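Colleague: Structure file query.cif (mmCIF, C-alpha atoms) right here:
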```
data_protein
#
loop_
_atom_site.label_atom_id
_atom_site.label_comp_id
_atom_site.auth_asym_id
_atom_site.auth_seq_id
_atom_site.Cartn_x
_atom_site.Cartn_y
_atom_site.Cartn_z
CA MET A 1 94.33 45.83 79.84
CA LEU A 2 97.69 46.88 81.32
CA TYR A 3 99.05 47.37 77.80
CA TYR A 4 96.19 49.74 77.00
CA ILE A 5 96.77 51.73 80.20
CA LYS A 6 100.44 52.12 79.29
CA MET A 7 99.48 53.43 75.86
CA LEU A 8 97.05 55.94 77.32
CA ILE A 9 99.64 57.23 79.82
CA ILE A 10 102.32 57.58 77.14
CA ALA A 11 99.96 59.29 74.69
CA LEU A 12 98.51 61.71 77.25
CA ILE A 13 101.88 62.83 78.62
CA SER A 14 103.51 62.97 75.19
CA GLY A 15 100.56 64.96 73.87
CA MET A 16 100.92 67.50 76.67
CA PHE A 17 104.57 68.11 75.83
CA THR A 18 104.11 68.52 72.07
CA ALA A 19 103.21 72.18 72.48
CA LEU A 20 105.88 72.95 75.09
CA PRO A 21 109.57 73.91 74.64
CA VAL A 22 110.60 70.45 75.87
CA SER A 23 110.92 67.44 73.59
CA PHE A 24 107.88 65.20 73.56
CA GLY A 25 109.94 62.65 71.60
CA ALA A 26 112.22 62.34 74.63
CA HIS A 27 109.25 61.80 76.94
CA TYR A 28 107.80 59.24 74.54
CA ALA A 29 111.06 57.29 74.29
CA PHE A 30 111.70 57.43 78.05
CA LEU A 31 108.17 56.42 79.04
CA SER A 32 108.17 53.61 76.48
CA SER A 33 111.35 52.28 78.08
CA VAL A 34 110.31 52.74 81.73
CA LEU A 35 106.86 51.21 81.19
CA SER A 36 108.29 48.40 79.05
CA PHE A 37 105.79 49.34 76.36
CA THR A 38 107.42 47.54 73.41
CA ASN A 39 110.82 46.64 72.00
CA ASP A 40 109.48 46.54 68.45
CA LYS A 41 111.07 49.37 66.43
CA ALA A 42 108.14 49.52 64.01
CA LEU A 43 105.52 49.77 66.77
CA LEU A 44 107.51 52.50 68.54
CA GLY A 45 107.69 54.54 65.36
CA PHE A 46 104.07 53.88 64.43
CA TYR A 47 102.52 55.04 67.72
CA TYR A 48 104.85 58.03 67.85
CA ALA A 49 103.52 58.99 64.40
CA VAL A 50 99.91 58.56 65.58
CA ILE A 51 100.51 60.85 68.57
CA ALA A 52 102.23 63.50 66.44
CA THR A 53 99.45 63.35 63.83
CA ALA A 54 96.80 63.79 66.53
CA PHE A 55 98.66 66.87 67.78
CA SER A 56 98.77 68.31 64.24
CA LEU A 57 95.02 67.81 63.81
CA VAL A 58 94.37 69.58 67.12
CA VAL A 59 96.44 72.56 65.92
CA PHE A 60 94.59 72.60 62.58
CA GLY A 61 91.33 72.80 64.48
CA TYR A 62 92.60 75.37 66.96
CA LEU A 63 93.94 77.69 64.23
CA ARG A 64 91.37 76.75 61.59
CA ARG A 65 90.38 80.35 60.88
CA ILE A 66 93.94 81.33 59.95
CA TYR A 67 94.50 78.23 57.81
CA ARG A 68 91.16 78.65 56.05
CA LYS A 69 91.75 82.28 55.21
CA ALA A 70 95.33 81.65 54.08
CA LEU A 71 94.42 78.68 51.89
CA VAL A 72 91.01 79.78 50.58
CA TYR A 73 90.21 83.43 51.17
CA SER A 74 93.57 84.81 50.03
CA VAL A 75 93.67 82.70 46.85
CA PHE A 76 90.15 82.23 45.55
CA THR A 77 88.46 85.48 46.56
CA LYS A 78 89.11 87.82 43.65
CA LYS A 79 86.77 90.71 44.41
CA GLY A 80 85.72 92.48 47.56
CA GLY A 81 87.25 92.19 50.97
CA ASP A 82 90.05 94.16 52.54
CA PRO A 83 93.15 94.31 50.26
CA ALA A 84 95.45 94.63 53.28
CA SER A 85 93.89 91.55 54.87
CA LYS A 86 94.29 89.54 51.66
CA LYS A 87 97.93 90.59 51.42
CA SER A 88 98.50 89.50 55.01
CA TYR A 89 96.96 86.07 54.47
CA ARG A 90 98.84 85.60 51.19
CA ARG A 91 102.05 86.18 53.11
CA ILE A 92 100.94 83.53 55.61
CA LEU A 93 100.34 81.18 52.68
CA LEU A 94 103.87 81.84 51.41
CA ASN A 95 105.18 81.23 54.93
CA LEU A 96 103.28 77.94 55.12
CA LEU A 97 104.93 76.79 51.90
CA ILE A 98 108.36 77.74 53.25
CA SER A 99 107.63 75.88 56.48
CA LEU A 100 107.27 72.63 54.49
CA ILE A 101 111.02 72.53 53.76
CA PRO A 102 111.72 70.06 56.62
CA ALA A 103 109.01 67.74 55.28
CA LEU A 104 110.69 67.71 51.87
CA VAL A 105 114.12 67.03 53.39
CA MET A 106 112.73 64.00 55.24
CA PHE A 107 112.21 62.19 51.93
CA VAL A 108 115.83 62.57 50.80
CA PRO A 109 117.43 59.09 50.56
CA ILE A 110 120.77 58.40 52.24
CA PRO A 111 122.92 55.68 50.66
CA ASN A 112 123.00 52.46 52.74
CA VAL A 113 120.69 54.04 55.32
CA GLY A 114 117.38 54.85 53.68
CA PRO A 115 115.27 58.02 53.71
CA VAL A 116 116.01 60.69 56.31
CA ILE A 117 112.52 60.18 57.75
CA ASP A 118 113.65 56.90 59.37
CA ILE A 119 116.49 58.41 61.42
CA PHE A 120 114.25 59.85 64.14
CA THR A 121 112.11 56.76 64.68
CA ASN A 122 115.17 54.49 64.76
CA LEU A 123 116.56 56.59 67.63
CA LEU A 124 113.41 56.05 69.72
CA GLN A 125 114.66 52.62 70.78
CA GLU A 126 115.87 52.03 74.33
CA ASN A 127 119.51 51.52 73.33
CA TYR A 128 119.63 55.12 72.04
CA LEU A 129 118.40 56.75 75.25
CA LEU A 130 121.81 58.34 75.88
CA VAL A 131 121.56 60.09 72.52
CA THR A 132 118.12 61.35 73.51
CA ALA A 133 119.45 62.49 76.90
CA SER A 134 122.30 64.41 75.26
CA CYS A 135 119.87 66.12 72.90
CA CYS A 136 117.65 67.14 75.84
CA VAL A 137 120.59 68.78 77.57
CA GLY A 138 121.65 70.47 74.33
CA SER A 139 118.11 71.72 73.71
CA GLY A 140 118.01 73.21 77.22
CA LEU A 141 121.36 74.96 76.73
CA PHE A 142 120.11 76.29 73.39
CA LEU A 143 117.11 77.80 75.18
CA PHE A 144 119.38 79.45 77.75
CA ILE A 145 121.50 81.03 75.01
CA ALA A 146 118.39 82.22 73.17
CA VAL A 147 116.93 83.78 76.32
CA TRP A 148 120.22 85.56 77.03
CA TYR A 149 120.56 86.77 73.44
CA THR A 150 116.99 87.97 72.94
CA SER A 151 116.92 89.73 76.34
CA ARG A 152 119.66 92.04 75.05
CA ARG A 153 117.97 92.90 71.78
CA TYR A 154 116.02 96.11 71.62
CA ALA A 155 114.74 95.97 68.07
CA GLU A 156 111.09 96.70 67.33
CA THR A 157 109.04 93.49 67.38
CA VAL A 158 106.47 92.37 64.80
CA ARG A 159 103.15 90.62 65.36
CA SER A 160 103.53 88.11 62.51
CA SER A 161 106.45 86.23 61.02
CA GLY A 162 108.03 87.29 57.74
CA PRO A 163 109.30 84.83 55.10
CA LEU A 164 112.92 85.09 56.28
CA ALA A 165 111.88 84.38 59.87
CA VAL A 166 109.92 81.30 58.75
CA LEU A 167 112.90 80.17 56.65
CA ARG A 168 115.07 80.30 59.78
CA PHE A 169 112.28 78.51 61.65
CA ALA A 170 112.19 75.76 58.99
CA VAL A 171 115.96 75.23 59.09
CA TYR A 172 115.91 74.97 62.89
CA GLN A 173 113.05 72.45 62.65
CA LEU A 174 115.33 69.95 60.94
CA LEU A 175 117.03 69.24 64.28
CA GLY A 176 113.68 68.59 65.94
CA PHE A 177 112.61 66.19 63.19
CA LEU A 178 115.94 64.32 63.24
CA LEU A 179 116.79 63.92 66.93
CA PRO A 180 114.56 62.86 69.84
CA GLY A 181 115.38 65.20 72.68
CA VAL A 182 115.40 68.33 70.55
CA SER A 183 112.14 70.23 71.02
CA ASN A 184 110.50 71.55 67.84
CA VAL A 185 108.80 74.27 69.87
CA ALA A 186 112.04 75.32 71.57
CA VAL A 187 114.16 75.59 68.42
CA GLY A 188 111.29 77.07 66.41
CA GLY A 189 110.32 79.60 69.06
CA THR A 190 113.86 80.81 69.61
CA GLY A 191 114.37 81.08 65.86
CA LEU A 192 111.38 83.42 65.62
CA LEU A 193 112.44 85.41 68.69
CA ILE A 194 115.83 86.04 67.10
CA CYS A 195 113.93 87.45 64.11
CA ASP A 196 112.13 89.90 66.44
CA VAL A 197 108.72 88.24 66.43
CA ASP A 198 106.69 89.52 69.38
CA PRO A 199 106.98 87.05 72.31
CA ARG A 200 103.25 87.41 72.94
CA VAL A 201 102.44 85.64 69.66
CA ILE A 202 105.26 83.07 69.65
CA VAL A 203 102.95 80.19 70.62
CA ARG A 204 100.55 80.94 67.76
CA GLU A 205 103.33 81.39 65.21
CA VAL A 206 105.20 78.23 66.20
CA LEU A 207 102.08 76.06 66.14
CA LEU A 208 100.91 77.62 62.87
CA TYR A 209 104.09 76.74 60.99
CA LEU A 210 104.98 73.52 62.83
CA ALA A 211 101.76 71.56 62.33
CA PRO A 212 101.79 71.18 58.49
CA SER A 213 105.26 69.61 58.32
CA MET A 214 104.60 67.45 61.36
CA PHE A 215 101.35 66.24 59.81
CA ILE A 216 102.89 65.36 56.42
CA ILE A 217 105.90 63.62 57.94
CA ASN A 218 103.94 61.51 60.39
CA VAL A 219 101.06 60.59 58.09
CA THR A 220 103.75 59.39 55.68
CA ARG A 221 105.27 57.30 58.47
CA ILE A 222 101.89 55.78 59.29
CA VAL A 223 101.28 54.84 55.65
CA ARG A 224 104.76 53.34 55.31
CA TYR A 225 104.31 51.25 58.45
CA ILE A 226 100.93 49.98 57.24
CA ILE A 227 102.36 49.10 53.83
CA GLY A 228 105.24 47.40 55.62
CA GLY A 229 102.75 45.02 57.22
CA ILE A 230 102.59 46.28 60.81
CA VAL A 231 99.87 44.60 62.88
CA LEU A 232 97.16 47.18 63.59
CA ASN A 233 95.32 47.28 66.90
CA PRO A 234 92.31 49.63 66.53
CA VAL A 235 91.90 50.06 70.29
CA MET A 236 95.56 51.00 70.77
CA ILE A 237 95.41 53.42 67.83
CA ALA A 238 92.28 55.05 69.28
CA LEU A 239 93.87 55.36 72.73
CA ALA A 240 97.03 56.89 71.25
CA ALA A 241 95.07 59.39 69.16
CA VAL A 242 92.54 60.37 71.82
CA GLY A 243 95.11 60.58 74.63
CA ALA A 244 97.45 62.72 72.54
CA ALA A 245 94.61 64.96 71.35
CA LEU A 246 93.34 65.55 74.88
CA GLY A 247 96.84 66.28 76.21
CA SER A 248 97.63 68.60 73.30
CA LEU A 249 94.33 70.47 73.51
CA LEU A 250 94.69 70.99 77.26
CA MET A 251 98.24 72.33 77.00
CA ILE A 252 97.58 74.54 73.95
CA HIS A 253 94.61 76.06 75.75
CA LEU A 254 96.77 76.80 78.81
CA ILE A 255 99.87 78.21 77.09
CA SER A 256 97.85 80.37 74.70
CA LYS A 257 96.95 82.50 77.72
CA TYR A 258 100.57 83.19 78.70
CA ASN A 259 103.71 84.73 77.26
CA VAL A 260 105.63 81.47 77.05
CA ARG A 261 108.86 83.40 76.42
CA ARG A 262 108.86 84.35 80.11
CA HIS A 263 108.99 80.67 81.04
CA PHE A 264 111.80 79.66 78.68
CA VAL A 265 114.32 79.61 81.56
CA PHE A 266 112.12 77.13 83.45
CA PHE A 267 111.80 74.91 80.39
CA ALA A 268 115.54 75.15 79.74
CA VAL A 269 116.28 73.95 83.27
CA TYR A 270 113.62 71.24 82.98
CA SER A 271 115.06 69.98 79.69
CA ILE A 272 118.60 69.78 81.11
CA VAL A 273 117.47 68.06 84.33
CA PHE A 274 115.26 65.65 82.41
CA GLY A 275 118.10 64.83 80.03
CA LEU A 276 120.44 64.11 82.94
CA PHE A 277 117.75 61.98 84.59
CA ILE A 278 117.36 59.93 81.40
CA ALA A 279 121.13 59.45 81.22
CA VAL A 280 121.39 58.31 84.85
CA SER A 281 118.40 55.98 84.41
CA ALA A 282 119.95 54.47 81.29
CA PHE A 283 123.13 53.65 83.22
CA VAL A 284 121.40 52.39 86.37
CA PHE A 285 118.68 50.33 84.78
#
```
Represent the structure from my file as structure tokens, please.
Modeller:
Amino acid sequence: MLYYIKMLIIALISGMFTALPVSFGAHYAFLSSVLSFTNDKALLGFYYAVIATAFSLVVFGYLRRIYRKALVYSVFTKKGGDPASKKSYRRILLNLLISLIPALVMFVPIPNVGPVIDIFTNLLQENYLLVTASCCVGSGLFLFIAVWYTSRRYAETVRSSGPLAVLRFAVYQLLGFLLPGVSNVAVGGTGLLICDVDPRVIVREVLLYLAPSMFIINVTRIVRYIIGGIVLNPVMIALAAVGAALGSLLMIHLISKYNVRRHFVFFAVYSIVFGLFIAVSAFVF
């Protein structure tokens, strides 16, 4: 029973941080260590993938209208409708394809190491907590620089991302998919802000273009772990998925009501403090 409670706590807290400019991978790794969840590298990677997949599914449901119109309405509706609306959704479809670049990079094999997709999950282990802590601090400093830079830009903002903005977003995402401690939302959001995307729509834009790559990468991880012979526990999988989904849904609902750009300084400080706390804990314990 205690093992199940640990899983629920880890999934719920990790799910809450998936949509925030603070790394949920860092929280997952730290909580797994503090709660003595497991030392099995495969199990750590598997349940991380379940939590990330649950988050992606929540985003798909939350933004289902945009995905549906981009994938169906803009392509298969030949007659009728608003031409300007179709053009807008076709651009979103192009952006979605560009946003998949990180997912493609994850399958690139590295000699004597394996595919890139394994780097992140290998770093979730307890003996790499100092790496995670360093990445948390770096992610916070990155947010500070982005806030300072964007506060001095006076260019006209746009309400939706262009292809070049999403390309920058995709390149920045590589860090988030490679290193626990680097927040996908933080690096993605700042990338879009630099491209003059309106801060009031940053949350929507980040989630819209983050979820597809995250879904593909983590479903692939789940399949690879299952093929590799990992022992499946249906109750644990359900707790991980439900806990992450509830945490993600709650946080997405809350942050969608606010201009999260105004809180980037808070999240930058939080990320740095949390990173330092992880580092101290790693040394002490």
Colleague: Since I can't run it myself right now, could you work out what the PyMOL selection byres ((chain A and resi 137) around 9) selects here and report it as number ranges by chain?
Modeller: A: 132-136, 138-142, 181-182, 268-269, 271-276
Colleague: Using all atoms listed in the file, which residues of region 5-85 of chain A come within 10 Å of region 248-266 of chain A, and what is the closest atom pair for each, with the distance in Å to one decimal? Give it as a Markdown table, sorted by chain and residue number.
Modeller:
```
| residue | atom | partner | partner_atom | distance |
| --- | --- | --- | --- | --- |
| A:Ala11 | CA | A:Ser248 | CA | 9.7 |
| A:Leu12 | CA | A:Ser248 | CA | 8.0 |
| A:Ile13 | CA | A:Ser248 | CA | 8.9 |
| A:Ser14 | CA | A:Ser248 | CA | 8.4 |
| A:Gly15 | CA | A:Ser248 | CA | 4.7 |
| A:Met16 | CA | A:Ser248 | CA | 4.8 |
| A:Phe17 | CA | A:Ser248 | CA | 7.4 |
| A:Thr18 | CA | A:Ser248 | CA | 6.6 |
| A:Ala19 | CA | A:Ile252 | CA | 6.3 |
| A:Leu20 | CA | A:Met251 | CA | 7.9 |
| A:Pro21 | CA | A:Phe264 | CA | 7.4 |
| A:Val22 | CA | A:Phe264 | CA | 9.7 |
| A:Ile51 | CA | A:Ser248 | CA | 9.5 |
| A:Ala52 | CA | A:Ser248 | CA | 9.7 |
| A:Ala54 | CA | A:Ser248 | CA | 8.3 |
| A:Phe55 | CA | A:Ser248 | CA | 5.9 |
| A:Ser56 | CA | A:Ser248 | CA | 9.1 |
| A:Leu57 | CA | A:Ser248 | CA | 9.9 |
| A:Val58 | CA | A:Leu249 | CA | 6.5 |
| A:Val59 | CA | A:Leu249 | CA | 8.2 |
| A:Gly61 | CA | A:Leu249 | CA | 9.8 |
| A:Tyr62 | CA | A:Leu249 | CA | 8.4 |
```
Colleague: Do you have, as JSON lines, the list of residues of region 198-266 of chain A lying at most 9 Å from region 102-110 of chain A, each with its nearest atom pair and that distance in Å to one decimal, counting only C-alpha atoms and ordered by chain then number?
Modeller:
```
{"residue": "A:Pro212", "atom": "CA", "partner": "A:Ala103", "partner_atom": "CA", "distance": 8.6}
{"residue": "A:Ser213", "atom": "CA", "partner": "A:Ala103", "partner_atom": "CA", "distance": 5.2}
{"residue": "A:Met214", "atom": "CA", "partner": "A:Ala103", "partner_atom": "CA", "distance": 7.5}
{"residue": "A:Ile216", "atom": "CA", "partner": "A:Ala103", "partner_atom": "CA", "distance": 6.7}
{"residue": "A:Ile217", "atom": "CA", "partner": "A:Ala103", "partner_atom": "CA", "distance": 5.8}
```
Colleague: Go through A:Phe277, A:Tyr67, A:Phe283, A:Phe30 and flag the residue nearest Leu123 (chain A), using all atoms listed in the file for the distances.
Modeller: A:Phe30
Colleague: Identify, on the basis of all atoms listed in the file, every residue whose closest approach to Gly25 (chain A) does not exceed 7 Å; exclude the query and any residue fewer than 3 positions from it along the same chain; express the result as a PyMOL selection string.
Modeller: chain A and resi 28-29+180-181
Colleague: Using all atoms listed in the file, which of A:Val50, A:Ala240, A:Val131, A:Leu8 sits nearest Asn218 (chain A)?
Modeller: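 Of A:Val50, A:Ala240, A:Val131, A:Leu8, the one nearest Asn218 (chain A) is A:Val50, counting all atoms listed in the file.
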Colleague: Tell me which of A:Leu208, A:Ser151, A:Tyr172, A:Gln125 sits closest to Arg68 (chain A), counting all atoms listed in the file.
Modeller: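 Comparing A:Leu208, A:Ser151, A:Tyr172, A:Gln125 against Arg68 (chain A), the winner is A:Leu208.
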Colleague: Have a look at CA of Phe144 (chain A) and CA of Tyr209 (chain A) and let me know their distance in Å, one decimal.
Modeller: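 Taking CA of Phe144 (chain A) and CA of Tyr209 (chain A), their separation equals 22.8 Å.
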Colleague: Hey, which of A:Ile117, A:Ala70, A:Leu143, A:Leu100 ends up closest to Ser85 (chain A)? Count all atoms listed in the file.
Modeller: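 Counting all atoms listed in the file, the residue closest to Ser85 (chain A) is A:Ala70.
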Colleague: Hey, which of A:Val223, A:Ile230, A:Ile145, A:Ile101 ends up closest to Lys41 (chain A)? Count only C-alpha atoms.
Modeller: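 Between A:Val223, A:Ile230, A:Ile145, A:Ile101, the residue approaching Lys41 (chain A) most closely is A:Ile230.
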Colleague: Give me, please, the distance in Å between CA of Ile10 (chain A) and CA of Arg204 (chain A), quoted to one decimal.
Modeller: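 Between CA of Ile10 (chain A) and CA of Arg204 (chain A) the gap is 25.2 Å.
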Colleague: To one decimal in Å, tell me the separation between CA of Tyr225 (chain A) and CA of Asn112 (chain A).
Modeller: 19.6 Å
Colleague: Neighbouring residues of Leu2 (chain A) were defined as those with any atom within 12 Å, considering all atoms listed in the file; residues of the same chain fewer than 4 positions away were excluded. Please report them as an MDAnalysis selection string.
Modeller: chainID A and resid 6:9 35:37 236
Colleague: So that all listed atoms of region 224-235 of chain A fit with 5 Å spare on each side, what axis-aligned box centre and edge lengths in Å, to one decimal, would you give as AutoDock Vina command-line options?
Modeller:
```
--center_x 98.6 --center_y 49.0 --center_z 62.1 --size_x 23.3 --size_y 18.7 --size_z 26.5
```
Colleague: Between A:Trp148, A:Ser23, A:Leu239, A:Leu63, which one has atoms that come closest to Ala186 (chain A), using all atoms listed in the file?
Modeller: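 Counting all atoms listed in the file, the residue closest to Ala186 (chain A) is A:Ser23.
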Colleague: Decode the PyMOL selection byres ((chain A and resi 90) around 9) for the given file into explicit residues and return them as a short mmCIF file (atom, residue, chain, number, x, y, z; two decimals) with C-alpha atoms, in the coordinates of the input.
Modeller:
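And here is the file that came out, result.cif:
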```cif
data_model
loop_
_atom_site.label_atom_id
_atom_site.label_comp_id
_atom_site.auth_asym_id
_atom_site.auth_seq_id
_atom_site.Cartn_x
_atom_site.Cartn_y
_atom_site.Cartn_z
CA LYS A 69 91.75 82.28 55.21
CA ALA A 70 95.33 81.65 54.08
CA LEU A 71 94.42 78.68 51.89
CA TYR A 73 90.21 83.43 51.17
CA SER A 74 93.57 84.81 50.03
CA VAL A 75 93.67 82.70 46.85
CA SER A 85 93.89 91.55 54.87
CA LYS A 86 94.29 89.54 51.66
CA LYS A 87 97.93 90.59 51.42
CA SER A 88 98.50 89.50 55.01
CA TYR A 89 96.96 86.07 54.47
CA ARG A 91 102.05 86.18 53.11
CA ILE A 92 100.94 83.53 55.61
CA LEU A 93 100.34 81.18 52.68
CA LEU A 94 103.87 81.84 51.41
CA ASN A 95 105.18 81.23 54.93
#
```
Colleague: Find the residues near Val231 (chain A): any atom within 10 Å, counting all atoms listed in the file, skip ones fewer than 5 places away on the same chain, and give them as a ChimeraX atom specification.
Modeller: /A:42-43,225-226
